[in-house]
Amino acid sequence: MENYYQKEIECADREQIQHWQDERLVKQVKHVYENVAYYRKLIEEKGVTPEDIKSREDLHKLPFLTKEDLREAYPYGLMGTPVADCIRIQSTSGTTGRRVVAFYTKKDIDLWEDCCARAIMAAGGTNEDVVHVSYGYGLFTGGPGLHGGSQKVGCLTLPMSSGNTDRQIQFMTDLGSTILCCTPSYAAFLAETIQEKGLQDQIKLKAGIFGAEAWTGEMRKSIEEKLGIKAYDIYGLTEISGPGVAFECSAQGGMHINEDHFIAEVINPETGEVLPDGEKGELVFTSITKEAFPLLRYRTRDICILNREKCSCGRTHVRMSKPMGRSDDMLIVKGVNVFPSQIETVLLNNGYAANYHIIVDRVNNGDTIEVQVEMTAEMFSDSLKEVAAREKELVNALKAMLGIYAKVTLVAPKSIARSEGKAVRVIDKRKLY
Ligand SMILES: [Zn+2]
């Protein structure tokens, strides 16, 4: 038996969904035009007026928004309502200068939690369940989003937050947690720890809702086997609300996008041209119900495919594939956004040349990052102590920039192979896509 939170919406026919989208889009464009000066300027530069947008068919006339816009408009430039109407902010895990702050009215929070509630019920959740939320709480959307959704379903909600694995496992066994919400890498770590402690028999989990980072089908299988659960994918981003923008159902064949709140497009990342369903491209979202942070045509940089085939779960909303990569060079390491350009800046500021490799890997289900960089001829030294001191200095400088530990290995001048054309500087061994 498939489980729904809002069946009449989740299983609505296509005409009904399109009707909601058309009506809400027209209203949203007016709202943004009247209240968000930053975006109004972009619309005007394109020579478009709100009257030109009569339905989804006209969506392509509107300009895109990018993460750069969000940074430029930081902090209040894209706010759609007065501060007096907002009750919350959440923020991306981005590093200094790259943070995105999103605002929520009471209604925005309500609808976001509805989306998370849909995900929990699609994973089999009912008010009999004990939902163990091990996503981080705080600025990060993971904890607050699933927490709110869990309460809406009426589940007993455990606000565990991340870390302190022994305590997590103790609560899990003592209280009989049945649904686990966290990143897939933390789920894998919990699964291993539970096995090591020989506590598999005392675990009552039946499902997991895992997102906020890329994970493979193999990893899903391994977590499912070790914990004896069914593992569901969930997708979201702070800019658009948080987790629950799309979620997986029992079919485990792509994530249903909540189309009554978000219009999804897939574009050619080079040209911006909208691609037909079934073609691979960059995912773009327009939030049609958000009040405080109403983004139109926001480029996610995630590469994926949309699928409108009938789903066995009965839901009618379009499905997106798991992201297959990113259209920019951003890496997500330990849940933190890392841009190679940030690393390069640190190296150059510390007197190194741009001859380096960034090696990202996953060891025991945790991400690792190493920066190998050439010393200049002047720096080159036989003294191991001197080299170690230089490495330590760079580790600290990288930590200050990225917010995470990166191993540093200094190598001899001219030892990193020069490439012709575009240098391959990032080696991602994680095989996540
Ligand atoms: Zn489905």
# chains A, B, ... in the order shown; residues from 1 in each chain; ligands from 1
call {"tool": "closest_atom_pairs", "arguments": {"of": "chain A", "to": "ligand 1", "cutoff": "6 Å", "atoms": "only C-alpha atoms and all ligand atoms", "output": "Markdown table"}}
result
| residue | atom | partner | partner_atom_place_in_ligand_line | distance |
| --- | --- | --- | --- | --- |
| A:Cys249 | CA | ligand 1 | 1 (Zn) | 4.6 |
| A:Ala251 | CA | ligand 1 | 1 (Zn) | 5.5 |
| A:Cys311 | CA | ligand 1 | 1 (Zn) | 4.6 |
| A:Ser312 | CA | ligand 1 | 1 (Zn) | 5.8 |
| A:Cys313 | CA | ligand 1 | 1 (Zn) | 4.2 |
| A:Arg315 | CA | ligand 1 | 1 (Zn) | 5.3 |
call {"tool": "residues_around", "arguments": {"residues": "region 84-91 of chain A", "least_positions_apart": "5", "cutoff": "10 Å", "atoms": "only C-alpha atoms", "output": "PyMOL selection string"}}
result
chain A and resi 79+99-109+138-142+144+237-239+241-242+291-293
call {"tool": "write_last_selection", "arguments": {"atoms": "N, CA and C atoms", "output": "PDB file, in the first residue's frame"}}
result
ATOM      1  N   MET A  79      15.037  39.515  -1.272  1.00  0.00           N
ATOM      2  CA  MET A  79      13.931  39.278  -0.354  1.00  0.00           C
ATOM      3  C   MET A  79      12.632  39.801  -0.975  1.00  0.00           C
ATOM      4  N   ARG A  99      28.384  32.290   1.117  1.00  0.00           N
ATOM      5  CA  ARG A  99      27.134  31.903   1.759  1.00  0.00           C
ATOM      6  C   ARG A  99      25.924  32.430   1.020  1.00  0.00           C
ATOM      7  N   VAL A 100      24.874  31.653   1.033  1.00  0.00           N
ATOM      8  CA  VAL A 100      23.590  32.121   0.529  1.00  0.00           C
ATOM      9  C   VAL A 100      22.638  32.097   1.712  1.00  0.00           C
ATOM     10  N   VAL A 101      21.952  33.207   1.932  1.00  0.00           N
ATOM     11  CA  VAL A 101      20.981  33.266   3.013  1.00  0.00           C
ATOM     12  C   VAL A 101      19.593  33.285   2.395  1.00  0.00           C
ATOM     13  N   ALA A 102      18.738  32.359   2.819  1.00  0.00           N
ATOM     14  CA  ALA A 102      17.369  32.292   2.304  1.00  0.00           C
ATOM     15  C   ALA A 102      16.398  32.652   3.429  1.00  0.00           C
ATOM     16  N   PHE A 103      15.320  33.309   3.068  1.00  0.00           N
ATOM     17  CA  PHE A 103      14.338  33.784   4.051  1.00  0.00           C
ATOM     18  C   PHE A 103      13.026  33.025   3.924  1.00  0.00           C
ATOM     19  N   TYR A 104      12.305  32.949   5.015  1.00  0.00           N
ATOM     20  CA  TYR A 104      11.039  32.218   5.030  1.00  0.00           C
ATOM     21  C   TYR A 104       9.975  33.003   5.786  1.00  0.00           C
ATOM     22  N   THR A 105       8.774  33.070   5.207  1.00  0.00           N
ATOM     23  CA  THR A 105       7.622  33.531   5.985  1.00  0.00           C
ATOM     24  C   THR A 105       7.058  32.299   6.689  1.00  0.00           C
ATOM     25  N   LYS A 106       6.046  32.527   7.508  1.00  0.00           N
ATOM     26  CA  LYS A 106       5.400  31.411   8.199  1.00  0.00           C
ATOM     27  C   LYS A 106       4.841  30.423   7.164  1.00  0.00           C
ATOM     28  N   LYS A 107       4.244  30.984   6.097  1.00  0.00           N
ATOM     29  CA  LYS A 107       3.665  30.118   5.070  1.00  0.00           C
ATOM     30  C   LYS A 107       4.757  29.337   4.324  1.00  0.00           C
ATOM     31  N   ASP A 108       5.897  29.994   4.070  1.00  0.00           N
ATOM     32  CA  ASP A 108       7.003  29.300   3.391  1.00  0.00           C
ATOM     33  C   ASP A 108       7.459  28.081   4.185  1.00  0.00           C
ATOM     34  N   ILE A 109       7.572  28.255   5.501  1.00  0.00           N
ATOM     35  CA  ILE A 109       7.988  27.136   6.367  1.00  0.00           C
ATOM     36  C   ILE A 109       6.936  26.023   6.307  1.00  0.00           C
ATOM     37  N   GLY A 138      20.416  23.821  12.681  1.00  0.00           N
ATOM     38  CA  GLY A 138      21.059  25.138  12.692  1.00  0.00           C
ATOM     39  C   GLY A 138      20.816  25.812  11.372  1.00  0.00           C
ATOM     40  N   LEU A 139      21.848  26.432  10.822  1.00  0.00           N
ATOM     41  CA  LEU A 139      21.680  27.141   9.552  1.00  0.00           C
ATOM     42  C   LEU A 139      21.375  26.179   8.411  1.00  0.00           C
ATOM     43  N   PHE A 140      21.955  24.988   8.476  1.00  0.00           N
ATOM     44  CA  PHE A 140      21.759  23.952   7.462  1.00  0.00           C
ATOM     45  C   PHE A 140      20.278  23.550   7.423  1.00  0.00           C
ATOM     46  N   THR A 141      19.738  23.344   6.214  1.00  0.00           N
ATOM     47  CA  THR A 141      18.306  23.064   6.080  1.00  0.00           C
ATOM     48  C   THR A 141      17.926  21.620   6.424  1.00  0.00           C
ATOM     49  N   GLY A 142      18.900  20.704   6.399  1.00  0.00           N
ATOM     50  CA  GLY A 142      18.597  19.277   6.547  1.00  0.00           C
ATOM     51  C   GLY A 142      17.817  18.949   7.811  1.00  0.00           C
ATOM     52  N   PRO A 144      16.274  20.986  10.275  1.00  0.00           N
ATOM     53  CA  PRO A 144      14.969  21.657  10.438  1.00  0.00           C
ATOM     54  C   PRO A 144      13.912  21.169   9.438  1.00  0.00           C
ATOM     55  N   LEU A 237      17.636  22.143  -2.210  1.00  0.00           N
ATOM     56  CA  LEU A 237      18.705  23.102  -2.031  1.00  0.00           C
ATOM     57  C   LEU A 237      18.154  24.310  -1.292  1.00  0.00           C
ATOM     58  N   THR A 238      19.000  24.869  -0.459  1.00  0.00           N
ATOM     59  CA  THR A 238      18.593  25.968   0.417  1.00  0.00           C
ATOM     60  C   THR A 238      17.958  27.096  -0.381  1.00  0.00           C
ATOM     61  N   GLU A 239      18.528  27.410  -1.526  1.00  0.00           N
ATOM     62  CA  GLU A 239      18.035  28.530  -2.329  1.00  0.00           C
ATOM     63  C   GLU A 239      16.553  28.374  -2.662  1.00  0.00           C
ATOM     64  N   SER A 241      14.380  26.145  -0.994  1.00  0.00           N
ATOM     65  CA  SER A 241      13.678  25.910   0.276  1.00  0.00           C
ATOM     66  C   SER A 241      14.497  25.008   1.183  1.00  0.00           C
ATOM     67  N   GLY A 242      15.021  23.912   0.648  1.00  0.00           N
ATOM     68  CA  GLY A 242      15.757  22.947   1.459  1.00  0.00           C
ATOM     69  C   GLY A 242      15.408  21.560   0.966  1.00  0.00           C
ATOM     70  N   GLU A 291       7.151  33.052  -0.739  1.00  0.00           N
ATOM     71  CA  GLU A 291       6.874  34.480  -0.543  1.00  0.00           C
ATOM     72  C   GLU A 291       8.147  35.272  -0.253  1.00  0.00           C
ATOM     73  N   ALA A 292       8.939  34.800   0.721  1.00  0.00           N
ATOM     74  CA  ALA A 292      10.057  35.614   1.204  1.00  0.00           C
ATOM     75  C   ALA A 292      11.298  35.533   0.313  1.00  0.00           C
ATOM     76  N   PHE A 293      11.461  34.413  -0.372  1.00  0.00           N
ATOM     77  CA  PHE A 293      12.663  34.239  -1.198  1.00  0.00           C
ATOM     78  C   PHE A 293      12.245  33.591  -2.515  1.00  0.00           C
TER      79      PHE A 293
END
call {"tool": "atom_distance", "arguments": {"atom1": "CA of Leu348 (chain A)", "atom2": "CA of Glu391 (chain A)"}}
result
14.3 Å
call {"tool": "closest_residue", "arguments": {"among": "A:Glu282, A:Asp52, A:Glu370, A:Glu192", "to": "Glu225 (chain A)", "atoms": "only C-alpha atoms"}}
result
A:Glu192
call {"tool": "closest_residue", "arguments": {"among": "A:Thr173, A:Asn355, A:Ile416, A:Val411", "to": "Asp201 (chain A)", "atoms": "only C-alpha atoms"}}
result
A:Thr173
call {"tool": "atom_distance", "arguments": {"atom1": "CA of Glu15 (chain A)", "atom2": "CA of Glu57 (chain A)"}}
result
14.0 Å
call {"tool": "select_by_dssp", "arguments": {"residues": "region 211-347 of chain A", "states": "alpha helix (DSSP H)", "output": "list in words"}}
result
Gly217, Glu218, Met219, Arg220, Lys221, Ser222, Ile223, Glu224, Glu225, Lys226, Leu227, Pro340, Ser341, Gln342, Ile343, Glu344, Thr345, Val346 and Leu347 of chain A
call {"tool": "write_last_selection", "arguments": {"atoms": "C-alpha atoms", "output": "short mmCIF file (atom, residue, chain, number, x, y, z; two decimals), in the first residue's frame"}}
result
data_model
loop_
_atom_site.label_atom_id
_atom_site.label_comp_id
_atom_site.auth_asym_id
_atom_site.auth_seq_id
_atom_site.Cartn_x
_atom_site.Cartn_y
_atom_site.Cartn_z
CA GLY A 217 23.54 2.80 -6.38
CA GLU A 218 26.20 0.55 -4.84
CA MET A 219 26.25 2.65 -1.73
CA ARG A 220 22.47 2.44 -1.50
CA LYS A 221 22.61 -1.34 -1.71
CA SER A 222 25.30 -1.58 0.91
CA ILE A 223 23.41 0.65 3.38
CA GLU A 224 20.16 -1.22 2.73
CA GLU A 225 21.81 -4.58 3.41
CA LYS A 226 23.72 -3.52 6.50
CA LEU A 227 20.81 -1.75 8.18
CA PRO A 340 39.15 24.80 -6.89
CA SER A 341 39.55 28.54 -7.46
CA GLN A 342 39.49 29.08 -3.69
CA ILE A 343 42.34 26.62 -3.25
CA GLU A 344 44.28 28.26 -6.04
CA THR A 345 43.84 31.65 -4.39
CA VAL A 346 45.33 30.32 -1.15
CA LEU A 347 48.29 28.80 -2.98
#
call {"tool": "atom_distance", "arguments": {"atom1": "CA of Asp428 (chain A)", "atom2": "CA of Glu213 (chain A)"}}
result
14.3 Å
call {"tool": "residues_around", "arguments": {"residues": "region 116-127 of chain A", "least_positions_apart": "3", "cutoff": "7 Å", "atoms": "only C-alpha atoms", "output": "VMD selection string"}}
result
chain A and resid 3 to 5 112 to 113 145 to 146 149 to 150 152 to 155 207 232 243 to 244 247 to 250
call {"tool": "residues_around", "arguments": {"residues": "Asp302 (chain A)", "least_positions_apart": "4", "cutoff": "7 Å", "atoms": "only C-alpha atoms", "output": "VMD selection string"}}
result
chain A and resid 282 to 283 323 325 to 327
